[in-house]
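Next up, coords.pdb (PDB, C-alpha atoms):
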MODEL        1
ATOM      1  CA  MET Z   1      79.633  11.241 -94.122
ATOM      2  CA  THR Z   2      80.685  14.835 -93.502
ATOM      3  CA  ALA Z   3      81.465  16.505 -90.260
ATOM      4  CA  THR Z   4      82.315  19.913 -88.906
ATOM      5  CA  PRO Z   5      84.437  20.557 -85.827
ATOM      6  CA  GLY Z   6      82.200  20.361 -82.773
ATOM      7  CA  GLY Z   7      79.074  19.634 -84.863
ATOM      8  CA  PRO Z   8      76.998  16.498 -85.486
ATOM      9  CA  LEU Z   9      77.583  14.215 -88.440
ATOM     10  CA  SER Z  10      75.239  14.476 -91.405
ATOM     11  CA  ALA Z  11      74.432  11.744 -93.862
ATOM     12  CA  ALA Z  12      75.754  11.914 -97.371
ATOM     13  CA  ALA Z  13      73.345  12.587-100.225
ATOM     14  CA  PRO Z  14      73.127  10.153-103.161
ATOM     15  CA  ASP Z  15      74.926  12.603-105.453
ATOM     16  CA  GLY Z  16      77.813  13.037-103.028
ATOM     17  CA  GLY Z  17      76.641  16.166-101.236
ATOM     18  CA  ALA Z  18      75.778  16.395 -97.569
ATOM     19  CA  LEU Z  19      72.183  16.526 -96.427
ATOM     20  CA  ILE Z  20      71.182  19.550 -94.402
ATOM     21  CA  ALA Z  21      70.020  18.560 -90.922
ATOM     22  CA  ARG Z  22      66.250  19.107 -90.464
ATOM     23  CA  PRO Z  23      64.958  21.179 -87.578
ATOM     24  CA  SER Z  24      63.731  19.311 -84.538
ATOM     25  CA  GLY Z  25      60.069  20.291 -85.099
ATOM     26  CA  ARG Z  26      59.647  22.498 -82.047
ATOM     27  CA  GLY Z  27      57.779  25.140 -84.038
ATOM     28  CA  SER Z  28      55.132  22.717 -85.260
ATOM     29  CA  GLY Z  29      54.765  21.335 -81.731
ATOM     30  CA  ARG Z  30      54.172  24.811 -80.343
ATOM     31  CA  ARG Z  31      51.615  25.553 -83.063
ATOM     32  CA  GLY Z  32      49.800  22.317 -82.224
ATOM     33  CA  SER Z  33      49.736  23.094 -78.499
ATOM     34  CA  ARG Z  34      48.456  26.607 -79.187
ATOM     35  CA  ARG Z  35      45.728  25.191 -81.429
ATOM     36  CA  GLN Z  36      44.665  22.755 -78.706
ATOM     37  CA  LEU Z  37      44.655  25.562 -76.151
ATOM     38  CA  SER Z  38      42.490  27.700 -78.431
ATOM     39  CA  ILE Z  39      40.032  24.832 -78.912
ATOM     40  CA  ARG Z  40      39.819  24.261 -75.173
ATOM     41  CA  ILE Z  41      39.230  27.944 -74.503
ATOM     42  CA  ALA Z  42      36.526  28.050 -77.181
ATOM     43  CA  ILE Z  43      34.772  25.011 -75.700
ATOM     44  CA  PHE Z  44      35.022  26.505 -72.210
ATOM     45  CA  VAL Z  45      33.521  29.801 -73.394
ATOM     46  CA  VAL Z  46      30.644  28.018 -75.159
ATOM     47  CA  VAL Z  47      29.848  25.847 -72.136
ATOM     48  CA  LEU Z  48      30.184  28.777 -69.746
ATOM     49  CA  GLY Z  49      27.902  30.878 -71.926
ATOM     50  CA  TYR Z  50      25.364  28.055 -72.100
ATOM     51  CA  LEU Z  51      25.299  27.833 -68.317
ATOM     52  CA  ILE Z  52      25.742  31.480 -67.296
ATOM     53  CA  LEU Z  53      23.681  33.382 -69.868
ATOM     54  CA  PRO Z  54      20.323  31.970 -68.662
ATOM     55  CA  LEU Z  55      21.227  33.005 -65.117
ATOM     56  CA  PHE Z  56      22.013  36.552 -66.254
ATOM     57  CA  ALA Z  57      18.725  36.571 -68.178
ATOM     58  CA  MET Z  58      16.881  35.527 -65.008
ATOM     59  CA  LEU Z  59      18.676  38.228 -63.018
ATOM     60  CA  GLU Z  60      17.870  40.863 -65.641
ATOM     61  CA  PHE Z  61      14.199  39.874 -65.737
ATOM     62  CA  SER Z  62      13.759  39.665 -61.956
ATOM     63  CA  THR Z  63      15.283  43.115 -61.372
ATOM     64  CA  ARG Z  64      13.152  44.997 -63.889
ATOM     65  CA  GLY Z  65      11.374  48.051 -62.543
ATOM     66  CA  ASP Z  66       9.163  50.763 -63.919
ATOM     67  CA  TYR Z  67      10.373  52.775 -66.895
ATOM     68  CA  GLY Z  68      13.541  50.743 -67.378
ATOM     69  CA  SER Z  69      14.814  51.115 -63.821
ATOM     70  CA  ARG Z  70      16.344  48.334 -61.739
ATOM     71  CA  THR Z  71      15.005  47.182 -58.406
ATOM     72  CA  LEU Z  72      15.491  44.358 -55.915
ATOM     73  CA  GLY Z  73      11.867  44.435 -54.851
ATOM     74  CA  SER Z  74      11.228  40.941 -56.194
ATOM     75  CA  TYR Z  75      13.915  39.501 -53.923
ATOM     76  CA  ALA Z  76      12.693  41.531 -50.937
ATOM     77  CA  ALA Z  77       9.167  40.233 -51.542
ATOM     78  CA  ILE Z  78      10.284  36.614 -51.188
ATOM     79  CA  PHE Z  79      10.001  36.760 -47.397
ATOM     80  CA  ASN Z  80       6.824  38.847 -47.461
ATOM     81  CA  ASP Z  81       4.698  36.137 -49.077
ATOM     82  CA  PRO Z  82       3.563  33.650 -46.396
ATOM     83  CA  ASN Z  83       2.803  30.915 -48.929
ATOM     84  CA  LEU Z  84       6.264  31.234 -50.441
ATOM     85  CA  THR Z  85       7.934  31.242 -47.026
ATOM     86  CA  ASP Z  86       6.000  28.127 -46.017
ATOM     87  CA  GLY Z  87       6.993  26.447 -49.285
ATOM     88  CA  ILE Z  88      10.691  27.215 -48.724
ATOM     89  CA  VAL Z  89      10.589  25.949 -45.128
ATOM     90  CA  THR Z  90       8.709  22.816 -46.174
ATOM     91  CA  SER Z  91      11.175  22.012 -48.952
ATOM     92  CA  LEU Z  92      14.148  22.538 -46.632
ATOM     93  CA  GLU Z  93      12.594  20.248 -44.021
ATOM     94  CA  ILE Z  94      11.958  17.598 -46.681
ATOM     95  CA  ALA Z  95      15.563  17.994 -47.847
ATOM     96  CA  VAL Z  96      16.898  17.416 -44.313
ATOM     97  CA  LEU Z  97      14.737  14.313 -43.847
ATOM     98  CA  THR Z  98      15.749  13.037 -47.287
ATOM     99  CA  VAL Z  99      19.457  13.430 -46.548
ATOM    100  CA  LEU Z 100      19.183  11.713 -43.170
ATOM    101  CA  GLY Z 101      17.056   8.870 -44.531
ATOM    102  CA  MET Z 102      19.291   8.374 -47.559
ATOM    103  CA  LEU Z 103      22.467   8.211 -45.459
ATOM    104  CA  PHE Z 104      20.869   5.935 -42.867
ATOM    105  CA  LEU Z 105      19.764   3.574 -45.635
ATOM    106  CA  LEU Z 106      22.783   3.624 -47.941
ATOM    107  CA  VAL Z 107      25.921   3.882 -45.816
ATOM    108  CA  PRO Z 108      25.357   0.864 -43.504
ATOM    109  CA  THR Z 109      24.002  -1.210 -46.392
ATOM    110  CA  MET Z 110      26.967  -0.504 -48.664
ATOM    111  CA  VAL Z 111      29.529  -1.050 -45.901
ATOM    112  CA  TRP Z 112      27.883  -4.325 -44.837
ATOM    113  CA  THR Z 113      27.733  -5.470 -48.454
ATOM    114  CA  ILE Z 114      31.433  -4.798 -49.011
ATOM    115  CA  VAL Z 115      32.563  -6.424 -45.761
ATOM    116  CA  ARG Z 116      30.200  -9.374 -45.386
ATOM    117  CA  VAL Z 117      28.428 -10.169 -48.664
ATOM    118  CA  PRO Z 118      30.485  -8.793 -51.570
ATOM    119  CA  ARG Z 119      28.524 -10.976 -53.999
ATOM    120  CA  MET Z 120      25.451  -8.813 -53.359
ATOM    121  CA  ARG Z 121      27.113  -5.614 -54.565
ATOM    122  CA  ARG Z 122      25.682  -6.005 -58.058
ATOM    123  CA  ALA Z 123      22.195  -6.587 -56.690
ATOM    124  CA  VAL Z 124      22.404  -3.536 -54.419
ATOM    125  CA  GLU Z 125      23.731  -1.418 -57.272
ATOM    126  CA  PHE Z 126      20.891  -2.566 -59.542
ATOM    127  CA  LEU Z 127      18.251  -1.702 -56.936
ATOM    128  CA  CYS Z 128      19.789   1.729 -56.299
ATOM    129  CA  LEU Z 129      20.026   2.586 -60.005
ATOM    130  CA  LEU Z 130      16.553   1.282 -60.832
ATOM    131  CA  PRO Z 131      14.743   4.613 -60.125
ATOM    132  CA  LEU Z 132      16.574   6.118 -63.110
ATOM    133  CA  ALA Z 133      14.577   3.838 -65.414
ATOM    134  CA  ILE Z 134      11.189   4.635 -63.827
ATOM    135  CA  PRO Z 135       9.598   8.007 -64.705
ATOM    136  CA  ALA Z 136       8.349  10.119 -61.821
ATOM    137  CA  ILE Z 137       4.788  10.024 -63.143
ATOM    138  CA  VAL Z 138       4.829   6.216 -62.937
ATOM    139  CA  ILE Z 139       6.068   6.357 -59.346
ATOM    140  CA  VAL Z 140       3.232   8.743 -58.455
ATOM    141  CA  VAL Z 141       0.598   6.515 -60.028
ATOM    142  CA  GLY Z 142       1.890   3.539 -58.067
ATOM    143  CA  ILE Z 143       2.324   5.285 -54.723
ATOM    144  CA  ALA Z 144      -0.726   7.599 -54.731
ATOM    145  CA  PRO Z 145      -3.036   4.964 -53.127
ATOM    146  CA  ILE Z 146      -0.537   4.586 -50.281
ATOM    147  CA  TYR Z 147      -0.545   8.336 -49.664
ATOM    148  CA  ARG Z 148      -4.327   8.376 -49.834
ATOM    149  CA  TRP Z 149      -4.467   5.683 -47.160
ATOM    150  CA  MET Z 150      -1.915   7.529 -45.034
ATOM    151  CA  GLY Z 151      -3.934  10.733 -45.221
ATOM    152  CA  GLN Z 152      -7.143   8.964 -44.205
ATOM    153  CA  ASN Z 153      -5.779   6.797 -41.393
ATOM    154  CA  LEU Z 154      -2.676   8.497 -39.966
ATOM    155  CA  GLY Z 155      -4.129  11.936 -39.365
ATOM    156  CA  ALA Z 156      -1.858  14.966 -39.537
ATOM    157  CA  VAL Z 157       1.255  12.815 -39.853
ATOM    158  CA  GLY Z 158      -0.023  10.983 -42.937
ATOM    159  CA  ALA Z 159      -1.246  14.212 -44.547
ATOM    160  CA  SER Z 160       1.985  16.126 -43.891
ATOM    161  CA  PRO Z 161       4.094  17.159 -46.909
ATOM    162  CA  LEU Z 162       7.127  15.871 -45.014
ATOM    163  CA  THR Z 163       6.083  12.371 -46.077
ATOM    164  CA  LEU Z 164       7.414  13.294 -49.527
ATOM    165  CA  ALA Z 165      10.844  12.465 -48.110
ATOM    166  CA  LEU Z 166       9.946   8.795 -48.543
ATOM    167  CA  ILE Z 167       9.679   9.245 -52.326
ATOM    168  CA  ASP Z 168      12.621  11.629 -52.553
ATOM    169  CA  ILE Z 169      14.861   9.069 -50.861
ATOM    170  CA  ILE Z 170      14.010   6.657 -53.667
ATOM    171  CA  LEU Z 171      14.623   9.266 -56.362
ATOM    172  CA  VAL Z 172      18.029  10.289 -54.984
ATOM    173  CA  LEU Z 173      19.347   6.735 -54.540
ATOM    174  CA  PRO Z 174      21.086   6.485 -57.968
ATOM    175  CA  PHE Z 175      23.036   9.722 -57.527
ATOM    176  CA  ALA Z 176      23.865   9.189 -53.861
ATOM    177  CA  TYR Z 177      24.968   5.620 -54.498
ATOM    178  CA  ARG Z 178      27.527   6.678 -57.096
ATOM    179  CA  ALA Z 179      28.914   9.452 -54.893
ATOM    180  CA  ILE Z 180      29.313   7.216 -51.839
ATOM    181  CA  GLU Z 181      30.608   4.280 -53.870
ATOM    182  CA  ALA Z 182      33.425   6.420 -55.290
ATOM    183  CA  SER Z 183      34.550   7.264 -51.760
ATOM    184  CA  LEU Z 184      34.287   3.660 -50.587
ATOM    185  CA  ARG Z 185      36.435   2.494 -53.491
ATOM    186  CA  SER Z 186      39.196   4.898 -52.455
ATOM    187  CA  ILE Z 187      39.685   3.175 -49.072
ATOM    188  CA  ASP Z 188      40.112  -0.400 -47.867
ATOM    189  CA  VAL Z 189      36.773  -0.805 -46.123
ATOM    190  CA  ALA Z 190      37.247  -4.473 -45.224
ATOM    191  CA  THR Z 191      40.621  -3.892 -43.533
ATOM    192  CA  LEU Z 192      39.366  -0.885 -41.575
ATOM    193  CA  ALA Z 193      36.273  -2.741 -40.440
ATOM    194  CA  ASP Z 194      38.230  -5.842 -39.409
ATOM    195  CA  ALA Z 195      40.767  -3.758 -37.497
ATOM    196  CA  SER Z 196      38.018  -1.879 -35.687
ATOM    197  CA  ARG Z 197      36.148  -5.064 -34.849
ATOM    198  CA  SER Z 198      39.319  -6.738 -33.603
ATOM    199  CA  LEU Z 199      39.800  -3.855 -31.156
ATOM    200  CA  GLY Z 200      36.360  -4.460 -29.681
ATOM    201  CA  ALA Z 201      34.225  -1.889 -31.502
ATOM    202  CA  GLY Z 202      30.704  -2.828 -32.557
ATOM    203  CA  TRP Z 203      29.287  -2.290 -36.011
ATOM    204  CA  PRO Z 204      27.579   1.059 -35.224
ATOM    205  CA  ARG Z 205      30.790   2.465 -33.759
ATOM    206  CA  THR Z 206      32.852   1.047 -36.638
ATOM    207  CA  ILE Z 207      30.644   2.710 -39.217
ATOM    208  CA  LEU Z 208      30.272   6.063 -37.432
ATOM    209  CA  GLN Z 209      33.810   6.537 -36.118
ATOM    210  CA  VAL Z 210      35.950   4.638 -38.630
ATOM    211  CA  ILE Z 211      34.229   4.401 -42.016
ATOM    212  CA  VAL Z 212      32.214   7.630 -42.125
ATOM    213  CA  PRO Z 213      35.188   9.993 -41.474
ATOM    214  CA  ASN Z 214      37.024   8.386 -44.403
ATOM    215  CA  ILE Z 215      34.121   8.827 -46.843
ATOM    216  CA  ARG Z 216      33.066  12.289 -45.694
ATOM    217  CA  GLY Z 217      33.598  13.738 -49.172
ATOM    218  CA  GLY Z 218      31.230  11.232 -50.782
ATOM    219  CA  ILE Z 219      28.640  11.791 -48.060
ATOM    220  CA  LEU Z 220      28.762  15.567 -48.574
ATOM    221  CA  SER Z 221      28.429  15.153 -52.347
ATOM    222  CA  ALA Z 222      25.460  12.813 -51.937
ATOM    223  CA  SER Z 223      23.855  15.273 -49.519
ATOM    224  CA  VAL Z 224      24.181  18.168 -51.954
ATOM    225  CA  LEU Z 225      22.663  16.068 -54.737
ATOM    226  CA  ALA Z 226      19.770  15.157 -52.462
ATOM    227  CA  ILE Z 227      19.156  18.800 -51.505
ATOM    228  CA  ALA Z 228      19.278  19.911 -55.152
ATOM    229  CA  LEU Z 229      16.811  17.194 -56.150
ATOM    230  CA  VAL Z 230      14.359  18.091 -53.378
ATOM    231  CA  LEU Z 231      14.512  21.821 -54.127
ATOM    232  CA  GLY Z 232      13.865  21.164 -57.833
ATOM    233  CA  GLU Z 233      11.217  18.426 -57.562
ATOM    234  CA  TYR Z 234       7.798  19.448 -58.933
ATOM    235  CA  THR Z 235       5.936  16.558 -60.577
ATOM    236  CA  ILE Z 236       5.355  14.351 -57.544
ATOM    237  CA  SER Z 237       4.566  17.255 -55.210
ATOM    238  CA  SER Z 238       2.073  18.725 -57.647
ATOM    239  CA  LEU Z 239       0.247  15.477 -58.383
ATOM    240  CA  LEU Z 240       0.018  14.635 -54.670
ATOM    241  CA  ALA Z 241      -1.231  18.187 -53.906
ATOM    242  CA  PHE Z 242       1.578  19.256 -51.571
ATOM    243  CA  ASP Z 243       2.709  22.893 -51.558
ATOM    244  CA  THR Z 244       6.474  22.606 -51.839
ATOM    245  CA  LEU Z 245       8.847  25.257 -53.190
ATOM    246  CA  GLN Z 246       8.459  24.404 -56.874
ATOM    247  CA  VAL Z 247       4.668  24.139 -56.651
ATOM    248  CA  VAL Z 248       4.463  27.546 -54.965
ATOM    249  CA  ILE Z 249       6.814  29.017 -57.586
ATOM    250  CA  TYR Z 250       4.549  27.678 -60.359
ATOM    251  CA  LEU Z 251       1.433  29.124 -58.737
ATOM    252  CA  LEU Z 252       3.205  32.391 -58.000
ATOM    253  CA  GLY Z 253       4.356  32.649 -61.627
ATOM    254  CA  LYS Z 254       0.745  33.048 -62.723
ATOM    255  CA  ARG Z 255       0.342  36.057 -60.427
ATOM    256  CA  ASP Z 256       3.791  37.667 -60.292
ATOM    257  CA  PRO Z 257       6.392  36.224 -62.690
ATOM    258  CA  PHE Z 258       9.145  38.525 -61.383
ATOM    259  CA  ILE Z 259       9.067  37.052 -57.865
ATOM    260  CA  SER Z 260       8.781  33.552 -59.339
ATOM    261  CA  VAL Z 261      11.969  33.999 -61.376
ATOM    262  CA  ALA Z 262      13.718  35.616 -58.399
ATOM    263  CA  VAL Z 263      12.965  32.596 -56.202
ATOM    264  CA  SER Z 264      14.135  30.190 -58.913
ATOM    265  CA  LEU Z 265      17.409  32.090 -59.287
ATOM    266  CA  ALA Z 266      17.910  32.185 -55.523
ATOM    267  CA  ALA Z 267      17.415  28.398 -55.329
ATOM    268  CA  LEU Z 268      19.997  27.853 -58.080
ATOM    269  CA  VAL Z 269      22.506  30.142 -56.377
ATOM    270  CA  PHE Z 270      21.924  28.318 -53.085
ATOM    271  CA  ALA Z 271      22.719  24.934 -54.682
ATOM    272  CA  PHE Z 272      25.782  26.431 -56.417
ATOM    273  CA  VAL Z 273      27.110  27.837 -53.133
ATOM    274  CA  LEU Z 274      26.695  24.422 -51.525
ATOM    275  CA  LEU Z 275      28.800  22.874 -54.280
ATOM    276  CA  ILE Z 276      31.534  25.483 -53.793
ATOM    277  CA  VAL Z 277      31.562  24.923 -50.033
ATOM    278  CA  ILE Z 278      31.894  21.161 -50.471
ATOM    279  CA  THR Z 279      34.630  21.530 -53.087
ATOM    280  CA  ARG Z 280      36.547  23.850 -50.785
ATOM    281  CA  PHE Z 281      36.090  22.151 -47.451
ATOM    282  CA  ALA Z 282      35.637  18.480 -48.386
ATOM    283  CA  PRO Z 283      38.393  16.240 -46.976
ATOM    284  CA  GLY Z 284      41.268  15.886 -49.409
ATOM    285  CA  GLY Z 285      40.564  19.007 -51.427
ATOM    286  CA  ALA Z 286      42.780  21.342 -49.441
ATOM    287  CA  ARG Z 287      45.328  18.577 -48.916
ATOM    288  CA  ARG Z 288      45.640  17.905 -52.647
ATOM    289  CA  GLY Z 289      46.084  21.615 -53.314
ATOM    290  CA  GLN Z 290      48.792  21.832 -50.651
ATOM    291  CA  LEU Z 291      50.624  18.823 -52.061
ATOM    292  CA  GLN Z 292      50.536  20.315 -55.550
ATOM    293  CA  ALA Z 293      51.879  23.606 -54.243
ATOM    294  CA  GLU Z 294      54.674  21.917 -52.328
ATOM    295  CA  GLU Z 295      55.684  19.555 -55.138
ATOM    296  CA  PRO Z 296      59.162  20.546 -56.350
ATOM    297  CA  LEU Z 297      59.596  21.554 -59.937
ATOM    298  CA  THR Z 298      61.614  19.172 -62.091
TER
ENDMDL
END
Render the structure in this file as structure tokens.
Amino acid sequence: MTATPGGPLSAAAPDGGALIARPSGRGSGRRGSRRQLSIRIAIFVVVLGYLILPLFAMLEFSTRGDYGSRTLGSYAAIFNDPNLTDGIVTSLEIAVLTVLGMLFLLVPTMVWTIVRVPRMRRAVEFLCLLPLAIPAIVIVVGIAPIYRWMGQNLGAVGASPLTLALIDIILVLPFAYRAIEASLRSIDVATLADASRSLGAGWPRTILQVIVPNIRGGILSASVLAIALVLGEYTISSLLAFDTLQVVIYLLGKRDPFISVAVSLAALVFAFVLLIVITRFAPGGARRGQLQAEEPLT
């Protein structure tokens, strides 16, 4: 062994010389981290281009004017077409009814299952995820006779396009179930429910005032998914002969493709803004950001 004053010992070589201490490998570690960063940036650029470029193409097409000029006439014409306005209002009304029906059906059922009959959670999950395995065309074929009977016997109520909310609730169940389930797993539902019941609250008050405020983020996410599904649904509305937003866009595309693309882009931007609002104002988002900002550096 050889040593220098104030320096580390180095092992002796077989021929009697001292081995030179190897570097700690910081350079190779930095090169590896830079390579990983470059790969991540490349993947992010590819994904961003895949998602953003079609939107820019839609914007470029919908703003084309005469002789290469740019105009926003297609977007201004959205509210000048009565059929298109009626389609937008109808789809928004269906979306509101779908959200309310989905929450009224899912939240009490999932809370009751967790608190009272936990063995039924698998059965409830299977029923909620089942619509993913059934194509929309099959659902229409099975439910069309029911809508025909409703239109013949229930008058204006049975023939209203708002009855599409009944089908949309079924279609949105798989996505809403996952969003709400994630929020329910983050809290102790059974303890909260038992504490509320022990203080004299009934089940409706327990669910509305104790459970719902703690799963507000999951409820908002499920609501956005429901709205996005309703605004983008075409097959069922078309086969049942209801003039919703997507059906009107399809019919309008045969007459004026510029307005059709403008409405499609506006619907996408609307759903994207909803996602940003929920990400910003959902419970826990701002709190997590504050905690990260206040966390001391080590």
Resolved residues for the PyMOL selection byres ((chain Z and resi 274) around 12) as a PyMOL selection string: chain Z and resi 220-228+267-273+275-282
On this structure, the PyMOL selection byres ((chain Z and resi 239-254) around 10) would catch which residues? List them as a PDB file with C-alpha atoms, in the frame of the given file, sorted by chain and number.
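Written out: selection39.pdb:
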ATOM      1  CA  ASP Z  81       4.698  36.137 -49.077  1.00  0.00           C
ATOM      2  CA  ASN Z  83       2.803  30.915 -48.929  1.00  0.00           C
ATOM      3  CA  LEU Z  84       6.264  31.234 -50.441  1.00  0.00           C
ATOM      4  CA  THR Z  85       7.934  31.242 -47.026  1.00  0.00           C
ATOM      5  CA  ASP Z  86       6.000  28.127 -46.017  1.00  0.00           C
ATOM      6  CA  GLY Z  87       6.993  26.447 -49.285  1.00  0.00           C
ATOM      7  CA  ILE Z  88      10.691  27.215 -48.724  1.00  0.00           C
ATOM      8  CA  VAL Z  89      10.589  25.949 -45.128  1.00  0.00           C
ATOM      9  CA  THR Z  90       8.709  22.816 -46.174  1.00  0.00           C
ATOM     10  CA  SER Z  91      11.175  22.012 -48.952  1.00  0.00           C
ATOM     11  CA  LEU Z  92      14.148  22.538 -46.632  1.00  0.00           C
ATOM     12  CA  ILE Z  94      11.958  17.598 -46.681  1.00  0.00           C
ATOM     13  CA  ILE Z 137       4.788  10.024 -63.143  1.00  0.00           C
ATOM     14  CA  VAL Z 140       3.232   8.743 -58.455  1.00  0.00           C
ATOM     15  CA  VAL Z 141       0.598   6.515 -60.028  1.00  0.00           C
ATOM     16  CA  ILE Z 143       2.324   5.285 -54.723  1.00  0.00           C
ATOM     17  CA  ALA Z 144      -0.726   7.599 -54.731  1.00  0.00           C
ATOM     18  CA  TYR Z 147      -0.545   8.336 -49.664  1.00  0.00           C
ATOM     19  CA  ARG Z 148      -4.327   8.376 -49.834  1.00  0.00           C
ATOM     20  CA  ALA Z 159      -1.246  14.212 -44.547  1.00  0.00           C
ATOM     21  CA  SER Z 160       1.985  16.126 -43.891  1.00  0.00           C
ATOM     22  CA  PRO Z 161       4.094  17.159 -46.909  1.00  0.00           C
ATOM     23  CA  LEU Z 162       7.127  15.871 -45.014  1.00  0.00           C
ATOM     24  CA  THR Z 163       6.083  12.371 -46.077  1.00  0.00           C
ATOM     25  CA  LEU Z 164       7.414  13.294 -49.527  1.00  0.00           C
ATOM     26  CA  VAL Z 230      14.359  18.091 -53.378  1.00  0.00           C
ATOM     27  CA  LEU Z 231      14.512  21.821 -54.127  1.00  0.00           C
ATOM     28  CA  GLY Z 232      13.865  21.164 -57.833  1.00  0.00           C
ATOM     29  CA  GLU Z 233      11.217  18.426 -57.562  1.00  0.00           C
ATOM     30  CA  TYR Z 234       7.798  19.448 -58.933  1.00  0.00           C
ATOM     31  CA  THR Z 235       5.936  16.558 -60.577  1.00  0.00           C
ATOM     32  CA  ILE Z 236       5.355  14.351 -57.544  1.00  0.00           C
ATOM     33  CA  SER Z 237       4.566  17.255 -55.210  1.00  0.00           C
ATOM     34  CA  SER Z 238       2.073  18.725 -57.647  1.00  0.00           C
ATOM     35  CA  ARG Z 255       0.342  36.057 -60.427  1.00  0.00           C
ATOM     36  CA  ASP Z 256       3.791  37.667 -60.292  1.00  0.00           C
ATOM     37  CA  PRO Z 257       6.392  36.224 -62.690  1.00  0.00           C
ATOM     38  CA  PHE Z 258       9.145  38.525 -61.383  1.00  0.00           C
ATOM     39  CA  ILE Z 259       9.067  37.052 -57.865  1.00  0.00           C
ATOM     40  CA  SER Z 260       8.781  33.552 -59.339  1.00  0.00           C
ATOM     41  CA  VAL Z 261      11.969  33.999 -61.376  1.00  0.00           C
ATOM     42  CA  ALA Z 262      13.718  35.616 -58.399  1.00  0.00           C
ATOM     43  CA  VAL Z 263      12.965  32.596 -56.202  1.00  0.00           C
ATOM     44  CA  SER Z 264      14.135  30.190 -58.913  1.00  0.00           C
ATOM     45  CA  ALA Z 267      17.415  28.398 -55.329  1.00  0.00           C
TER      46      ALA Z 267
END
Residues within 12 Å of range 107-111 of chain Z, all atoms listed in the file, excluding chain neighbours under 3 positions, as number ranges by chain: Z: 99-104, 114-125, 128, 173, 176-185, 187-194, 203-208, 210-213, 215-216, 218-219, 222
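For the atom pair formed by CA of Tyr50 in chain Z and CA of Phe175 in chain Z, the distance is 23.5 Å, given to one decimal.
Pairwise distance (CA of Leu130 in chain Z, CA of Trp112 in chain Z) equals 20.4 Å.
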CA of Ala266 in chain Z to CA of Tyr75 in chain Z, distance in Å rounded to a single decimal: 8.5 Å
Among listed residues Z:Ser62, Z:Gln209, Z:Ile39, Z:Leu48, nearest Ile78 in chain Z (using all atoms listed in the file): Z:Ser62
